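Encoded as C-alpha cells, the structure appears first; notes follow it.
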Amino acid sequence: MNIKPIPIDKLVAHPANSNVMSDELLVKLRRHIARHGNYEPLVVRPHPEKAGYYQLINGHHRKLVLAEMGHKHADCVLWDISDDETLMLLATVNRLSGHDNPKKRAQLLAVLAGRFEDKELLRNLPEKKHQLQKILSLNQPIKIVAPDKLAELPQALTFFVSEKQKHI
C-alpha cells in the first residue's frame, strides 16, 4: 500500500457520501488528531472529471478536520477504481465495521481510567459520562443474590393495552 501526501485543496468529497458525524464527535476527532498527529490515511481515487484532483472515498471527516486545523496535505491511499466500485465502497466502507466486545471495552476503559482523569477521558472518548460509567460498571464483580432475597428484586411485567388505553 502506497501512502502519499496530497494537497487538501485537491481532495473533493464524493457527492454520494452518506456518512455523517455529529458535531460532538467531530470535536473529539479534532482533539485526537491534534493530540497525536496520527490519523488513518484517507482513501481517494483520481477524480473522474477534474484532472489533478482526487475524489474522497473514505475519510471525509478526517479531511474536514485536517483542513480546519490548517494542514496543507493529507496522507492518502490512492485507489484506481471505477465509478461503480466507488459507489459500492461508499455504501459499505463506513458500515462494515466490527463492534466492541463489552467486557473487553470495559477492561480497556478501566486501564485508561487508571491513567487519565475523568475529564480527559470524556474529552477524548466517544462515550458520554453516563455511558462511560455504565461500561466501567461491567468490571464490577457480579453480586450474588441469596435465593430468599429474589422476591425483593424488580420484576419484569408484560401487559397489553388497546390503542385507546395507550393515550389514557
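Naming scheme: A, B, ... for chains in displayed order of the C-alpha cells; residues 1 onward per chain; ligands 1 onward as shown.
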All residues 9 Å or closer to Lys10 in chain A, only C-alpha atoms, same chain fewer than 6 positions away omitted, as a list in words |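 Surrounding residues, per the criterion: Gly52, Tyr53, Tyr54 and Gln55 of chain A.
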Keeping only N, CA, C and O atoms, write those residues as an mmCIF file, in the first residue's frame.
```
data_model
loop_
_atom_site.group_PDB
_atom_site.id
_atom_site.type_symbol
_atom_site.label_atom_id
_atom_site.label_comp_id
_atom_site.auth_asym_id
_atom_site.auth_seq_id
_atom_site.Cartn_x
_atom_site.Cartn_y
_atom_site.Cartn_z
ATOM 1 N N GLY A 52 -6.055 16.309 -12.079
ATOM 2 C CA GLY A 52 -5.208 16.802 -10.994
ATOM 3 C C GLY A 52 -5.897 16.807 -9.637
ATOM 4 O O GLY A 52 -5.288 17.192 -8.652
ATOM 5 N N TYR A 53 -7.150 16.402 -9.579
ATOM 6 C CA TYR A 53 -7.894 16.346 -8.321
ATOM 7 C C TYR A 53 -8.178 14.895 -7.960
ATOM 8 O O TYR A 53 -8.072 13.994 -8.779
ATOM 9 N N TYR A 54 -8.564 14.697 -6.700
ATOM 10 C CA TYR A 54 -8.852 13.364 -6.189
ATOM 11 C C TYR A 54 -10.210 13.380 -5.513
ATOM 12 O O TYR A 54 -10.590 14.350 -4.864
ATOM 13 N N GLN A 55 -10.920 12.275 -5.670
ATOM 14 C CA GLN A 55 -12.240 12.148 -5.071
ATOM 15 C C GLN A 55 -12.135 11.271 -3.825
ATOM 16 O O GLN A 55 -11.558 10.174 -3.868
#
```
Looking only at alpha helix (DSSP H) from DSSP on the backbone, list the matching residues of chain A as a ChimeraX atom specification.
-> /A:23-36,60-68,83-92,102-115,118-124,129-136,163-166
Choose the residue, out of A:Lys164, A:Arg95, A:Lys50, A:Lys149, that has the smallest atom-to-atom separation from Asn19 in chain A; count only C-alpha atoms.
->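 Ranked by minimum distance to Asn19 in chain A, first place goes to A:Arg95.
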Quick one: residues within 12 Å of Asp118 in chain A, only C-alpha atoms counted, chain neighbours fewer than 4 positions away excluded, as a PyMOL selection string?
-> chain A and resi 109-110+112-114+122-125+127-130+132-133+136
Using only C-alpha atoms, which of A:His47, A:Lys103, A:His36, A:Lys134 sits nearest Val12 in chain A?
-> A:His47
Shell around Leu78 in chain A at 10 Å using only C-alpha atoms, local window under 2 positions removed, as a PyMOL selection string = chain A and resi 1-4+6+41-46+54-57+75-76+80-81
Write the residues you've just listed into a file as a compact mmCIF listing (two decimals), in the first residue's frame, and include N, CA, C and O atoms for each of them.
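File out_1.txt, as written:
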```txt
# COMPACT_ATOMS: atom_id res chain seq x y z
N MET A 1 0.85 -1.17 0.00
CA MET A 1 0.00 0.00 0.00
C MET A 1 0.90 1.23 0.00
O MET A 1 1.82 1.33 0.79
N ASN A 2 0.61 2.13 -0.88
CA ASN A 2 1.40 3.33 -1.03
C ASN A 2 0.65 4.52 -0.44
O ASN A 2 -0.44 4.86 -0.90
N ILE A 3 1.22 5.14 0.58
CA ILE A 3 0.60 6.32 1.20
C ILE A 3 1.37 7.54 0.72
O ILE A 3 2.60 7.57 0.78
N LYS A 4 0.62 8.52 0.22
CA LYS A 4 1.30 9.73 -0.24
C LYS A 4 0.54 10.97 0.22
O LYS A 4 -0.68 10.93 0.34
N ILE A 6 -1.24 14.34 -0.23
CA ILE A 6 -1.93 15.02 -1.32
C ILE A 6 -2.45 16.35 -0.77
O ILE A 6 -2.98 16.39 0.35
N PRO A 41 -4.97 7.01 7.09
CA PRO A 41 -4.92 7.69 5.79
C PRO A 41 -6.29 7.71 5.11
O PRO A 41 -7.09 6.79 5.25
N LEU A 42 -6.53 8.77 4.37
CA LEU A 42 -7.76 8.89 3.60
C LEU A 42 -7.64 8.00 2.37
O LEU A 42 -6.53 7.73 1.90
N VAL A 43 -8.75 7.54 1.87
CA VAL A 43 -8.76 6.73 0.65
C VAL A 43 -9.36 7.59 -0.46
O VAL A 43 -10.44 8.15 -0.31
N VAL A 44 -8.61 7.69 -1.56
CA VAL A 44 -9.03 8.55 -2.68
C VAL A 44 -8.84 7.81 -4.00
O VAL A 44 -8.17 6.78 -4.05
N ARG A 45 -9.41 8.38 -5.03
CA ARG A 45 -9.17 7.90 -6.39
C ARG A 45 -8.97 9.14 -7.25
O ARG A 45 -9.39 10.25 -6.88
N PRO A 46 -8.33 9.00 -8.42
CA PRO A 46 -8.23 10.16 -9.31
C PRO A 46 -9.65 10.65 -9.63
O PRO A 46 -10.55 9.84 -9.90
N TYR A 54 -8.56 14.70 -6.70
CA TYR A 54 -8.85 13.36 -6.19
C TYR A 54 -10.21 13.38 -5.51
O TYR A 54 -10.59 14.35 -4.86
N GLN A 55 -10.92 12.28 -5.67
CA GLN A 55 -12.24 12.15 -5.07
C GLN A 55 -12.13 11.27 -3.82
O GLN A 55 -11.56 10.17 -3.87
N LEU A 56 -12.68 11.77 -2.73
CA LEU A 56 -12.64 11.02 -1.47
C LEU A 56 -13.59 9.83 -1.51
O LEU A 56 -14.74 9.95 -1.94
N ILE A 57 -13.08 8.71 -1.04
CA ILE A 57 -13.90 7.51 -0.89
C ILE A 57 -14.13 7.25 0.60
O ILE A 57 -15.21 6.93 1.03
N ASP A 75 -2.41 12.59 4.33
CA ASP A 75 -1.89 11.29 3.91
C ASP A 75 -3.04 10.50 3.28
O ASP A 75 -4.11 10.37 3.88
N CYS A 76 -2.80 10.01 2.07
CA CYS A 76 -3.85 9.32 1.33
C CYS A 76 -3.34 8.03 0.71
O CYS A 76 -2.17 7.92 0.36
N ASP A 80 -7.21 3.06 -7.79
CA ASP A 80 -7.68 3.27 -9.16
C ASP A 80 -8.89 2.37 -9.37
O ASP A 80 -8.75 1.20 -9.72
N ILE A 81 -10.08 2.91 -9.11
CA ILE A 81 -11.30 2.11 -9.19
C ILE A 81 -12.37 2.84 -10.00
O ILE A 81 -12.35 4.07 -10.14
```
What is the distance between CA of Ile135 in chain A and CA of Arg35 in chain A, in Å to one decimal?
->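 If I compute the distance from CA of Ile135 in chain A to CA of Arg35 in chain A, I get 24.4 Å.
Coordinates place CA of Leu64 in chain A at a distance of 21.6 Å from CA of Glu49 in chain A.
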Quick one: of A:Leu150, A:Ala74, A:Met69, A:Leu29, who's nearest to Leu11 in chain A, counting only C-alpha atoms?
->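 When distances to Leu11 in chain A are compared using only C-alpha atoms, the smallest one comes from A:Ala74.
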In Å, how far is it from CA of His61 in chain A to CA of Ala13 in chain A?
-> 9.7 Å
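Nearest to Leu108 in chain A of all the residues A:Val65, A:Leu121, A:Ile144, A:Ala151 is A:Leu121, based on only C-alpha atoms.
Counting only C-alpha atoms and comparing A:Ala106, A:Lys63, A:Met88, A:Gln155, the residue that lies closest to Leu138 in chain A is A:Ala106.
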DSSP-assigned strand (DSSP E or B) members of range 22-84 of chain A, reported as a ChimeraX atom specification = /A:42-46,54-58,73-78
Could you write out the selected residues, including C-alpha atoms, as a PDB file, in the first residue's frame?
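Okay, selection-v9.pdb is ready:
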```pdb
ATOM      1  CA  LEU A  42      -7.755   8.892   3.603  1.00  0.00           C
ATOM      2  CA  VAL A  43      -8.757   6.729   0.649  1.00  0.00           C
ATOM      3  CA  VAL A  44      -9.032   8.546  -2.677  1.00  0.00           C
ATOM      4  CA  ARG A  45      -9.167   7.903  -6.389  1.00  0.00           C
ATOM      5  CA  PRO A  46      -8.232  10.161  -9.310  1.00  0.00           C
ATOM      6  CA  TYR A  54      -8.852  13.364  -6.189  1.00  0.00           C
ATOM      7  CA  GLN A  55     -12.240  12.148  -5.071  1.00  0.00           C
ATOM      8  CA  LEU A  56     -12.640  11.025  -1.468  1.00  0.00           C
ATOM      9  CA  ILE A  57     -13.896   7.507  -0.889  1.00  0.00           C
ATOM     10  CA  ASN A  58     -13.160   7.226   2.834  1.00  0.00           C
ATOM     11  CA  HIS A  73      -1.659  17.978   2.910  1.00  0.00           C
ATOM     12  CA  ALA A  74      -3.371  14.773   3.968  1.00  0.00           C
ATOM     13  CA  ASP A  75      -1.889  11.288   3.907  1.00  0.00           C
ATOM     14  CA  CYS A  76      -3.849   9.322   1.327  1.00  0.00           C
ATOM     15  CA  VAL A  77      -4.030   5.877  -0.187  1.00  0.00           C
ATOM     16  CA  LEU A  78      -4.705   6.111  -3.915  1.00  0.00           C
TER      17      LEU A  78
END
```
Out of A:Ala91, A:Val145, A:Val161, A:Leu153, which residue has the shortest atom-to-atom distance to Ser18 in chain A when counting only C-alpha atoms?
->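 Looking only at the distances to Ser18 in chain A, the closest residue turns out to be A:Ala91.
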